[in-house]
file target-v2.txt (compact mmCIF, C-alpha atoms and all ligand atoms)
# COMPACT_ATOMS: atom_id res chain seq x y z
CA MET A 106 -32.59 -32.39 -11.37
CA LYS A 107 -30.00 -32.09 -14.15
CA LEU A 108 -29.12 -28.93 -16.03
CA PHE A 109 -25.94 -29.24 -18.11
CA THR A 110 -26.85 -32.79 -19.10
CA HIS A 111 -30.57 -32.06 -19.46
CA LEU A 112 -32.05 -33.21 -22.80
CA GLU A 113 -33.35 -29.69 -23.52
CA PHE A 114 -30.11 -27.95 -22.49
CA ASP A 115 -28.57 -26.36 -25.58
CA HIS A 116 -25.68 -24.18 -24.45
CA HIS A 117 -28.03 -21.79 -22.66
CA GLU A 118 -26.04 -18.78 -21.49
CA GLN A 119 -27.80 -18.35 -18.17
CA VAL A 120 -30.54 -20.07 -16.19
CA VAL A 121 -31.72 -18.23 -13.10
CA PHE A 122 -33.91 -19.65 -10.35
CA CYS A 123 -35.84 -16.82 -8.67
CA HIS A 124 -37.54 -16.85 -5.29
CA ASP A 125 -39.29 -14.29 -3.14
CA LYS A 126 -40.30 -15.41 0.34
CA ALA A 127 -42.90 -12.70 0.99
CA SER A 128 -44.95 -13.25 -2.18
CA GLY A 129 -44.14 -16.95 -2.63
CA LEU A 130 -42.66 -16.39 -6.10
CA LYS A 131 -40.98 -19.44 -7.59
CA ALA A 132 -39.78 -18.78 -11.10
CA ILE A 133 -37.10 -19.72 -13.61
CA ILE A 134 -35.67 -17.38 -16.24
CA ALA A 135 -33.69 -18.96 -19.08
CA ILE A 136 -31.50 -16.93 -21.41
CA HIS A 137 -30.59 -19.12 -24.35
CA ASN A 138 -28.57 -16.84 -26.59
CA THR A 139 -27.88 -13.10 -26.73
CA HIS A 140 -25.61 -12.88 -29.80
CA ARG A 141 -28.13 -10.76 -31.69
CA GLY A 142 -29.34 -8.74 -28.69
CA PRO A 143 -31.14 -9.03 -25.37
CA ALA A 144 -33.16 -12.20 -24.86
CA LEU A 145 -36.84 -11.43 -25.30
CA GLY A 146 -39.53 -13.94 -24.43
CA GLY A 147 -42.83 -14.35 -22.67
CA CYS A 148 -43.44 -15.10 -19.02
CA ARG A 149 -45.66 -18.16 -18.67
CA MET A 150 -47.50 -18.87 -15.42
CA TYR A 151 -48.60 -22.48 -15.10
CA PRO A 152 -49.24 -24.98 -12.28
CA TYR A 153 -46.40 -27.29 -13.32
CA ALA A 154 -46.63 -30.76 -11.79
CA SER A 155 -42.95 -30.53 -10.85
CA GLU A 156 -39.99 -28.18 -10.89
CA ALA A 157 -38.43 -30.49 -13.47
CA ASP A 158 -41.39 -29.87 -15.80
CA ALA A 159 -40.97 -26.10 -15.38
CA LEU A 160 -37.26 -26.34 -16.17
CA ASN A 161 -37.98 -28.48 -19.22
CA ASP A 162 -40.48 -25.92 -20.54
CA VAL A 163 -38.28 -22.87 -19.97
CA LEU A 164 -35.21 -24.48 -21.58
CA ARG A 165 -37.18 -25.60 -24.66
CA LEU A 166 -39.15 -22.37 -25.09
CA SER A 167 -36.18 -20.03 -24.63
CA ARG A 168 -34.25 -21.89 -27.35
CA GLY A 169 -37.27 -21.58 -29.62
CA MET A 170 -37.26 -17.80 -29.10
CA THR A 171 -33.64 -17.55 -30.29
CA TYR A 172 -34.61 -19.26 -33.55
CA LYS A 173 -37.79 -17.24 -33.95
CA SER A 174 -36.15 -13.85 -33.45
CA ALA A 175 -33.11 -14.71 -35.58
CA VAL A 176 -35.13 -15.93 -38.54
CA ALA A 177 -37.28 -12.79 -38.28
CA ASN A 178 -34.03 -10.79 -38.44
CA LEU A 179 -34.71 -9.05 -35.13
CA PRO A 180 -31.96 -7.53 -32.98
CA LEU A 181 -32.93 -9.92 -30.20
CA GLY A 182 -31.81 -13.11 -28.58
CA GLY A 183 -33.97 -15.82 -27.07
CA GLY A 184 -35.24 -16.15 -23.53
CA LYS A 185 -38.29 -17.20 -21.61
CA SER A 186 -39.51 -17.28 -18.04
CA VAL A 187 -41.90 -19.48 -16.14
CA ILE A 188 -43.68 -18.84 -12.85
CA ILE A 189 -44.67 -22.02 -11.06
CA GLY A 190 -48.28 -21.62 -9.91
CA ASP A 191 -51.90 -21.49 -10.98
CA PRO A 192 -52.63 -18.08 -12.52
CA ARG A 193 -56.29 -18.33 -11.48
CA SER A 194 -55.68 -18.87 -7.77
CA GLU A 195 -52.06 -18.01 -6.99
CA LYS A 196 -51.41 -14.82 -8.93
CA THR A 197 -51.16 -11.73 -6.70
CA PRO A 198 -49.89 -8.20 -7.38
CA GLU A 199 -47.01 -8.88 -4.95
CA LEU A 200 -45.96 -11.99 -6.83
CA ILE A 201 -46.03 -10.21 -10.19
CA ARG A 202 -44.04 -7.30 -8.76
CA ALA A 203 -41.48 -9.76 -7.35
CA MET A 204 -41.17 -11.20 -10.86
CA GLY A 205 -40.57 -7.67 -12.19
CA GLN A 206 -37.81 -7.31 -9.61
CA ALA A 207 -36.25 -10.62 -10.73
CA VAL A 208 -36.25 -9.41 -14.34
CA GLU A 209 -34.70 -6.10 -13.30
CA ARG A 210 -31.82 -7.90 -11.54
CA LEU A 211 -30.72 -9.28 -14.91
CA GLY A 212 -29.97 -5.72 -16.00
CA GLY A 213 -31.63 -5.94 -19.43
CA ARG A 214 -30.19 -9.26 -20.60
CA TYR A 215 -33.79 -10.58 -20.49
CA ILE A 216 -36.88 -8.66 -21.65
CA VAL A 217 -40.19 -9.99 -20.41
CA ALA A 218 -43.51 -10.04 -22.30
CA GLU A 219 -46.92 -11.62 -21.72
CA ASP A 220 -47.55 -15.30 -22.37
CA SER A 221 -50.14 -17.85 -21.32
CA GLY A 222 -51.15 -17.25 -17.71
CA THR A 223 -49.95 -13.64 -17.72
CA SER A 224 -51.56 -10.52 -19.18
CA VAL A 225 -50.81 -7.01 -20.36
CA ALA A 226 -51.97 -5.83 -16.89
CA ASP A 227 -49.32 -8.08 -15.31
CA MET A 228 -46.66 -6.59 -17.61
CA LEU A 229 -47.70 -3.09 -16.58
CA LEU A 230 -47.30 -4.14 -12.95
CA MET A 231 -43.85 -5.60 -13.60
CA GLY A 232 -43.08 -2.35 -15.40
CA GLU A 233 -43.26 -0.58 -12.03
CA LEU A 234 -40.04 -2.39 -11.08
CA THR A 235 -38.27 -2.88 -14.37
CA GLN A 236 -37.96 -1.11 -17.69
CA HIS A 237 -37.14 -4.45 -19.34
CA VAL A 238 -40.71 -5.27 -20.23
CA SER A 239 -42.44 -5.23 -23.60
CA GLY A 240 -45.88 -5.60 -25.14
CA ILE A 241 -47.52 -2.83 -23.14
CA ALA A 242 -47.64 0.19 -25.43
CA GLU A 243 -50.90 1.29 -27.03
CA LYS A 244 -50.60 1.24 -30.82
CA CYS A 245 -52.76 3.22 -33.23
CA ASP A 246 -53.10 2.99 -37.01
CA ALA A 247 -53.60 5.86 -39.47
CA GLU A 248 -57.41 5.68 -38.98
CA GLY A 249 -56.97 6.13 -35.23
CA ASN A 250 -57.92 2.54 -34.32
CA CYS A 251 -55.92 1.72 -31.21
CA ARG A 252 -55.00 -1.53 -29.51
CA SER A 253 -52.90 -2.38 -26.49
CA GLY A 254 -50.47 -5.29 -26.06
CA ASP A 255 -52.64 -8.04 -27.64
CA PRO A 256 -50.43 -9.49 -30.43
CA SER A 257 -53.16 -11.62 -32.07
CA PRO A 258 -54.18 -9.26 -34.92
CA ILE A 259 -50.58 -8.73 -36.00
CA THR A 260 -49.83 -12.46 -35.69
CA ALA A 261 -52.82 -13.08 -37.97
CA ARG A 262 -51.47 -10.52 -40.45
CA GLY A 263 -48.11 -12.31 -40.56
CA THR A 264 -49.86 -15.65 -41.03
CA PHE A 265 -51.90 -14.16 -43.87
CA VAL A 266 -48.84 -12.89 -45.78
CA GLY A 267 -47.23 -16.29 -45.11
CA ILE A 268 -50.20 -18.02 -46.76
CA GLN A 269 -49.89 -15.63 -49.72
CA ALA A 270 -46.19 -16.55 -50.09
CA ALA A 271 -46.96 -20.28 -49.89
CA VAL A 272 -49.77 -20.01 -52.46
CA ARG A 273 -47.46 -18.08 -54.79
CA HIS A 274 -44.75 -20.73 -54.43
CA ARG A 275 -46.84 -23.89 -54.58
CA LEU A 276 -49.85 -22.88 -56.72
CA GLY A 277 -48.17 -20.14 -58.77
CA ARG A 278 -50.99 -17.76 -57.95
CA GLU A 279 -50.55 -14.09 -57.03
CA SER A 280 -54.09 -13.73 -55.72
CA LEU A 281 -55.99 -15.63 -53.05
CA GLU A 282 -59.24 -15.21 -54.99
CA GLY A 283 -61.04 -18.56 -54.82
CA VAL A 284 -58.23 -20.28 -52.85
CA ARG A 285 -59.74 -22.76 -50.38
CA VAL A 286 -58.45 -22.60 -46.79
CA ALA A 287 -59.38 -24.83 -43.82
CA ILE A 288 -58.74 -23.10 -40.49
CA GLN A 289 -58.47 -25.22 -37.35
CA GLY A 290 -59.35 -22.94 -34.42
CA VAL A 291 -60.95 -19.53 -34.81
CA GLY A 292 -59.85 -17.99 -31.52
CA ASN A 293 -57.83 -14.79 -31.15
CA VAL A 294 -55.57 -15.37 -34.16
CA GLY A 295 -57.81 -17.65 -36.24
CA HIS A 296 -60.78 -15.30 -36.46
CA HIS A 297 -58.61 -12.35 -37.55
CA LEU A 298 -56.96 -14.60 -40.13
CA ALA A 299 -60.38 -15.68 -41.42
CA ARG A 300 -61.29 -12.03 -42.00
CA PHE A 301 -58.05 -11.27 -43.86
CA LEU A 302 -58.58 -14.33 -46.06
CA CYS A 303 -62.20 -13.51 -46.86
CA ASP A 304 -61.29 -9.90 -47.68
CA ALA A 305 -58.76 -11.30 -50.16
CA GLY A 306 -61.41 -13.48 -51.83
CA ALA A 307 -60.47 -16.83 -50.31
CA ARG A 308 -63.14 -19.42 -49.38
CA ILE A 309 -62.91 -20.74 -45.85
CA TRP A 310 -63.80 -23.87 -43.89
CA VAL A 311 -63.57 -23.61 -40.09
CA SER A 312 -63.58 -25.88 -37.05
CA ASP A 313 -63.39 -25.08 -33.35
CA ILE A 314 -64.41 -26.82 -30.13
CA ASN A 315 -66.18 -23.53 -29.36
CA ARG A 316 -69.38 -23.74 -31.41
CA ASP A 317 -70.21 -20.05 -30.97
CA ALA A 318 -66.88 -19.09 -32.52
CA VAL A 319 -67.65 -21.28 -35.54
CA GLN A 320 -71.18 -19.92 -35.86
CA GLN A 321 -69.82 -16.36 -35.83
CA MET A 322 -67.58 -17.15 -38.81
CA VAL A 323 -70.48 -18.80 -40.68
CA THR A 324 -72.77 -15.81 -40.12
CA GLU A 325 -70.21 -13.04 -40.64
CA LEU A 326 -68.04 -14.48 -43.38
CA GLY A 327 -70.07 -17.26 -44.97
CA ALA A 328 -67.54 -19.86 -43.79
CA VAL A 329 -68.33 -23.56 -44.05
CA ALA A 330 -68.55 -25.16 -40.58
CA VAL A 331 -66.66 -28.45 -40.23
CA ALA A 332 -66.75 -31.00 -37.40
CA ASN A 333 -63.53 -30.89 -35.38
CA GLU A 334 -62.23 -34.29 -36.38
CA GLU A 335 -63.00 -33.73 -40.07
CA ILE A 336 -60.94 -30.58 -40.60
CA TYR A 337 -57.93 -32.63 -41.82
CA ASP A 338 -59.95 -34.33 -44.56
CA GLN A 339 -61.23 -31.25 -46.36
CA GLU A 340 -60.66 -30.88 -50.09
CA VAL A 341 -58.85 -27.53 -49.78
CA ASP A 342 -55.64 -25.86 -50.97
CA VAL A 343 -54.38 -24.73 -47.57
CA PHE A 344 -54.68 -26.24 -44.10
CA ALA A 345 -54.14 -23.49 -41.48
CA PRO A 346 -53.69 -24.85 -37.94
CA CYS A 347 -54.50 -22.06 -35.45
CA ALA A 348 -55.38 -24.01 -32.31
CA LEU A 349 -53.10 -26.73 -31.00
CA GLY A 350 -49.59 -28.09 -31.27
CA ALA A 351 -48.56 -31.57 -32.49
CA ILE A 352 -51.44 -31.76 -34.99
CA LEU A 353 -49.11 -32.82 -37.83
CA ASN A 354 -48.50 -36.45 -36.97
CA ASP A 355 -48.68 -40.05 -38.21
CA GLU A 356 -52.45 -40.07 -37.99
CA THR A 357 -53.25 -36.70 -39.63
CA ILE A 358 -50.61 -36.27 -42.37
CA PRO A 359 -51.90 -39.18 -44.51
CA ARG A 360 -55.37 -37.62 -44.35
CA LEU A 361 -54.40 -34.13 -45.53
CA ARG A 362 -55.63 -33.21 -49.01
CA ALA A 363 -54.24 -29.67 -48.93
CA SER A 364 -50.96 -29.04 -50.74
CA ILE A 365 -49.97 -26.33 -48.24
CA VAL A 366 -49.88 -26.26 -44.42
CA ALA A 367 -49.57 -22.70 -43.14
CA GLY A 368 -51.02 -21.56 -39.84
CA ALA A 369 -50.21 -19.78 -36.58
CA ALA A 370 -50.23 -22.61 -34.04
CA ASN A 371 -47.00 -23.26 -32.16
CA ASN A 372 -45.12 -26.58 -32.39
CA GLN A 373 -47.26 -28.03 -35.18
CA LEU A 374 -44.96 -30.98 -35.97
CA ALA A 375 -45.49 -33.78 -33.44
CA GLU A 376 -41.89 -34.83 -34.11
CA LYS A 377 -39.07 -33.54 -36.29
CA ARG A 378 -39.55 -36.45 -38.74
CA HIS A 379 -43.03 -35.17 -39.59
CA GLY A 380 -41.42 -32.29 -41.51
CA THR A 381 -39.90 -34.94 -43.78
CA ALA A 382 -43.24 -36.76 -43.99
CA LEU A 383 -44.93 -33.59 -45.27
CA MET A 384 -42.20 -33.03 -47.86
CA LYS A 385 -42.48 -36.63 -49.07
CA LYS A 386 -46.23 -36.21 -49.48
CA GLY A 387 -45.61 -33.11 -51.60
CA ILE A 388 -47.07 -30.74 -49.00
CA LEU A 389 -45.42 -27.34 -48.63
CA TYR A 390 -45.06 -26.56 -44.93
CA ALA A 391 -44.60 -22.98 -43.67
CA PRO A 392 -42.52 -23.52 -40.50
CA ASP A 393 -44.62 -22.41 -37.53
CA TYR A 394 -42.10 -20.20 -35.80
CA VAL A 395 -41.43 -18.30 -39.03
CA ILE A 396 -45.05 -17.66 -40.03
CA ASN A 397 -46.29 -16.83 -36.51
CA ALA A 398 -43.54 -14.30 -35.66
CA GLY A 399 -45.81 -11.25 -36.01
CA GLY A 400 -46.22 -10.90 -32.25
CA VAL A 401 -42.50 -10.91 -31.45
CA ILE A 402 -41.79 -8.49 -34.32
CA ASP A 403 -44.45 -6.21 -32.88
CA VAL A 404 -43.08 -6.20 -29.32
CA CYS A 405 -39.51 -5.80 -30.60
CA TYR A 406 -40.23 -2.67 -32.61
CA GLU A 407 -42.47 -1.25 -29.91
CA ARG A 408 -39.24 -0.87 -27.92
CA ILE A 409 -37.63 1.29 -30.55
CA ALA A 410 -40.80 3.29 -31.04
CA MET A 411 -41.57 2.38 -34.64
CA ASP A 412 -45.00 3.50 -35.72
CA GLN A 413 -47.75 1.05 -36.56
CA GLN A 414 -47.23 1.33 -40.32
CA GLN A 415 -43.51 0.55 -40.05
CA ILE A 416 -44.28 -2.45 -37.82
CA VAL A 417 -46.74 -3.78 -40.40
CA GLN A 418 -44.01 -3.48 -43.08
CA GLN A 419 -41.68 -5.55 -40.89
CA VAL A 420 -44.39 -8.16 -40.35
CA ASP A 421 -45.10 -8.31 -44.07
CA ALA A 422 -41.44 -9.29 -44.59
CA ILE A 423 -42.41 -12.71 -43.14
CA GLY A 424 -43.64 -13.41 -46.69
CA ASP A 425 -40.16 -12.75 -48.15
CA THR A 426 -38.46 -14.88 -45.50
CA LEU A 427 -40.80 -17.77 -46.23
CA SER A 428 -40.23 -17.43 -49.98
CA GLU A 429 -36.47 -17.68 -49.35
CA ILE A 430 -37.00 -20.77 -47.16
CA PHE A 431 -39.25 -22.43 -49.77
CA ASP A 432 -36.74 -21.77 -52.59
CA ARG A 433 -33.66 -22.90 -50.67
CA ALA A 434 -35.37 -26.00 -49.24
CA GLU A 435 -36.41 -27.02 -52.75
CA GLN A 436 -32.88 -26.51 -54.11
CA GLN A 437 -31.36 -28.55 -51.27
CA HIS A 438 -34.12 -31.21 -51.25
CA ILE A 439 -34.62 -30.80 -47.50
CA PRO A 440 -37.76 -30.13 -45.44
CA THR A 441 -38.67 -26.48 -44.96
CA ASP A 442 -38.48 -26.70 -41.15
CA GLU A 443 -34.89 -27.94 -41.43
CA LEU A 444 -34.03 -25.06 -43.76
CA ALA A 445 -35.63 -22.57 -41.34
CA ASP A 446 -33.42 -23.89 -38.51
CA GLN A 447 -30.39 -23.56 -40.80
CA LEU A 448 -31.29 -19.97 -41.67
CA ALA A 449 -31.80 -19.07 -38.00
CA GLU A 450 -28.48 -20.67 -37.03
CA GLU A 451 -26.69 -18.71 -39.77
CA ARG A 452 -28.16 -15.56 -38.25
CA PHE A 453 -27.42 -16.11 -34.56
CA ALA A 454 -24.19 -18.09 -34.72
P1 LIG B 501 -56.88 -18.92 -28.61
O1 LIG B 501 -56.95 -19.76 -27.39
O2 LIG B 501 -57.50 -17.57 -28.62
O3 LIG B 501 -57.56 -19.73 -29.85
C1 LIG B 501 -57.42 -21.09 -30.03
C2 LIG B 501 -58.77 -21.61 -30.52
O4 LIG B 501 -58.64 -22.99 -30.80
C3 LIG B 501 -59.89 -21.46 -29.48
O5 LIG B 501 -61.02 -20.85 -30.08
C4 LIG B 501 -60.18 -22.91 -29.08
O6 LIG B 501 -61.54 -23.12 -28.74
C5 LIG B 501 -59.79 -23.66 -30.32
N1 LIG B 501 -59.48 -25.07 -30.13
C6 LIG B 501 -58.90 -25.67 -29.07
N2 LIG B 501 -58.82 -27.00 -29.27
C7 LIG B 501 -59.31 -27.23 -30.50
C8 LIG B 501 -59.49 -28.40 -31.29
N3 LIG B 501 -59.15 -29.60 -30.85
N4 LIG B 501 -60.03 -28.25 -32.53
C9 LIG B 501 -60.41 -27.06 -33.00
N5 LIG B 501 -60.27 -25.92 -32.27
C10 LIG B 501 -59.74 -26.02 -31.05
O7 LIG B 501 -55.35 -18.87 -29.02
P2 LIG B 501 -54.66 -17.88 -30.09
O8 LIG B 501 -54.06 -16.75 -29.37
O9 LIG B 501 -55.61 -17.65 -31.21
O10 LIG B 501 -53.45 -18.81 -30.59
C11 LIG B 501 -53.68 -19.88 -31.48
C12 LIG B 501 -52.37 -20.63 -31.72
O11 LIG B 501 -51.41 -19.73 -32.26
C13 LIG B 501 -51.74 -21.21 -30.45
O12 LIG B 501 -51.05 -22.39 -30.79
C14 LIG B 501 -50.73 -20.15 -30.06
O13 LIG B 501 -49.67 -20.67 -29.30
C15 LIG B 501 -50.25 -19.69 -31.43
N6 LIG B 501 -49.70 -18.33 -31.44
C16 LIG B 501 -50.47 -17.29 -31.05
C17 LIG B 501 -49.93 -16.01 -31.08
C18 LIG B 501 -50.75 -14.80 -30.69
O14 LIG B 501 -50.35 -13.68 -31.02
N7 LIG B 501 -51.88 -14.98 -30.04
C19 LIG B 501 -48.61 -15.80 -31.51
C20 LIG B 501 -47.84 -16.91 -31.92
C21 LIG B 501 -48.41 -18.17 -31.88

call {"tool": "encode", "arguments": {"input": "target-v2.txt", "output": "structure tokens"}}
result
Amino acid sequence: MKLFTHLEFDHHEQVVFCHDKASGLKAIIAIHNTHRGPALGGCRMYPYASEADALNDVLRLSRGMTYKSAVANLPLGGGKSVIIGDPRSEKTPELIRAMGQAVERLGGRYIVAEDSGTSVADMLLMGELTQHVSGIAEKCDAEGNCRSGDPSPITARGTFVGIQAAVRHRLGRESLEGVRVAIQGVGNVGHHLARFLCDAGARIWVSDINRDAVQQMVTELGAVAVANEEIYDQEVDVFAPCALGAILNDETIPRLRASIVAGAANNQLAEKRHGTALMKKGILYAPDYVINAGGVIDVCYERIAMDQQQIVQQVDAIGDTLSEIFDRAEQQHIPTDELADQLAEERFA
């Protein structure tokens, strides 16, 4: 297995292989870049087919976190960790504690948070062995509504302000009243986004492989239900992917009738060239890692004890960042995802 010549290796500062015999922990922590601050990133637990697959994932995802935090102007670097194993059958308190110990050994260069296959409960358990854990504090708003670590509502808020910025830029409209939005996936983020949009007067079309989730949106918000495969073809202003990655590709881009793509899903472009394809088709694309940064902003400011209102202000700044990206990309005649990378690199170089 290669590291320094690995395709996903990008001058990562530190890659640590962690093992604990008693609990069976096998994990990799990758610290990509700490120029702006400690490397924060989720801990993913997944039954990787091979150690090489786990390494590939942790190298790629930790680099992505550097870009995401830098473009969001956070005092953080990028890191990620992966535990090799099935979270449904192989996760034990001992294994999670051993992971906490592994994080602690890095002395704060890496800050762990939840990710797929791990939970807020797991972070609390790791927190028994390390203080370098985030996404565990209970947060309450002015009305006394409290929530624990779940970042989905704040991610949806960031996505909503991102859609507002895109609509302002592309359609020249200050209000979302009557703007038509097709949401692919109304899970944790998508259903919160649907509510924000409806409250702002937008009309929504939704698809999801979970029929109950779709029905809930139809009943509660008067959304139009769309068959999964037909979501790309809707005559709408905004297409908001909130389910899967790689959904902007050779097959789907020609079908899009929306003039804006702005949603929370990670890794929306199947390949880099699809950013160019969107630009050529005249579609304004809100780069995924910029618009979906609400969660990382939230866990970052939790560590410096900002209150909920201040955190929301920081998340709302996603709209300003996107406006800057849209303007500069237009001036330079380059795709918005390329401009976002440029902006991030300016900030973490
Ligand atoms: P989730 O699993 O709660 O929701 C995803 C929804 O998509 C589910 O309801 C699922 O049934 C549906 N879905 C799956 N395949 C589909 C398909 N082919 N067509 C239509 N719907 C389909 O996940 P989430 O937390 O809401 O995250 C959604 C996306 O946003 C993911 O890509 C995630 O990585 C990204 N994201 C989430 C957060 C967060 O705070 N949760 C933060 C950043 C990025």

call {"tool": "closest_atom_pairs", "arguments": {"input": "target-v2.txt", "of": "chain A", "to": "ligand LIG 501 (chain B)", "cutoff": "6 Å", "atoms": "all atoms listed in the file", "output": "JSON lines"}}
result
{"residue": "A:Pro256", "atom": "CA", "partner": "B:LIG501", "partner_atom": "O14", "distance": 4.2}
{"residue": "A:Ser257", "atom": "CA", "partner": "B:LIG501", "partner_atom": "O14", "distance": 3.6}
{"residue": "A:Thr260", "atom": "CA", "partner": "B:LIG501", "partner_atom": "O14", "distance": 4.9}
{"residue": "A:Gln289", "atom": "CA", "partner": "B:LIG501", "partner_atom": "C9", "distance": 5.1}
{"residue": "A:Gly290", "atom": "CA", "partner": "B:LIG501", "partner_atom": "O4", "distance": 3.7}
{"residue": "A:Val291", "atom": "CA", "partner": "B:LIG501", "partner_atom": "O5", "distance": 4.9}
{"residue": "A:Gly292", "atom": "CA", "partner": "B:LIG501", "partner_atom": "O3", "distance": 3.3}
{"residue": "A:Asn293", "atom": "CA", "partner": "B:LIG501", "partner_atom": "O9", "distance": 3.6}
{"residue": "A:Val294", "atom": "CA", "partner": "B:LIG501", "partner_atom": "O9", "distance": 3.7}
{"residue": "A:Gly295", "atom": "CA", "partner": "B:LIG501", "partner_atom": "O9", "distance": 5.5}
{"residue": "A:Ser312", "atom": "CA", "partner": "B:LIG501", "partner_atom": "C9", "distance": 5.3}
{"residue": "A:Asp313", "atom": "CA", "partner": "B:LIG501", "partner_atom": "N5", "distance": 3.4}
{"residue": "A:Ile314", "atom": "CA", "partner": "B:LIG501", "partner_atom": "N5", "distance": 4.7}
{"residue": "A:Asn315", "atom": "CA", "partner": "B:LIG501", "partner_atom": "O6", "distance": 4.7}
{"residue": "A:Asn333", "atom": "CA", "partner": "B:LIG501", "partner_atom": "N4", "distance": 5.2}
{"residue": "A:Cys347", "atom": "CA", "partner": "B:LIG501", "partner_atom": "C12", "distance": 4.5}
{"residue": "A:Ala348", "atom": "CA", "partner": "B:LIG501", "partner_atom": "O4", "distance": 3.7}
{"residue": "A:Leu349", "atom": "CA", "partner": "B:LIG501", "partner_atom": "O12", "distance": 4.8}
{"residue": "A:Gly350", "atom": "CA", "partner": "B:LIG501", "partner_atom": "O12", "distance": 5.9}
{"residue": "A:Ala369", "atom": "CA", "partner": "B:LIG501", "partner_atom": "O11", "distance": 4.5}
{"residue": "A:Ala370", "atom": "CA", "partner": "B:LIG501", "partner_atom": "O12", "distance": 3.4}
{"residue": "A:Asn371", "atom": "CA", "partner": "B:LIG501", "partner_atom": "O12", "distance": 4.4}
{"residue": "A:Asn397", "atom": "CA", "partner": "B:LIG501", "partner_atom": "C20", "distance": 4.8}
{"residue": "A:Gly400", "atom": "CA", "partner": "B:LIG501", "partner_atom": "O14", "distance": 5.1}

call {"tool": "atom_distance", "arguments": {"input": "target-v2.txt", "atom1": "atom CA of A:Val323", "atom2": "atom CA of A:Arg362"}}
result
22.3 Å

call {"tool": "closest_residue", "arguments": {"input": "target-v2.txt", "among": "A:Ala422, A:Val395, A:Ala382, A:Val329", "to": "A:Ile439", "atoms": "all atoms listed in the file"}}
result
A:Ala382

call {"tool": "residues_around", "arguments": {"input": "target-v2.txt", "residues": "A:Ala454", "least_positions_apart": "4", "cutoff": "12 Å", "atoms": "only C-alpha atoms", "output": "number ranges by chain"}}
result
A: 138-141, 171-172, 175-176, 182, 446-450

call {"tool": "closest_residue", "arguments": {"input": "target-v2.txt", "among": "A:Leu179, A:Ala345, A:Glu279, A:Asp255", "to": "A:Val420", "atoms": "all atoms listed in the file"}}
result
A:Leu179

call {"tool": "residues_near_point", "arguments": {"input": "target-v2.txt", "point": "(-36.6, -11.6, -29.6)", "cutoff": "12 Å", "atoms": "all atoms listed in the file", "output": "ChimeraX atom specification"}}
result
/A:136-147,166-185,214-218,239-240,394,398-408,453

call {"tool": "atom_distance", "arguments": {"input": "target-v2.txt", "atom1": "atom CA of A:Pro152", "atom2": "atom CA of A:Asp393"}}
result
25.8 Å
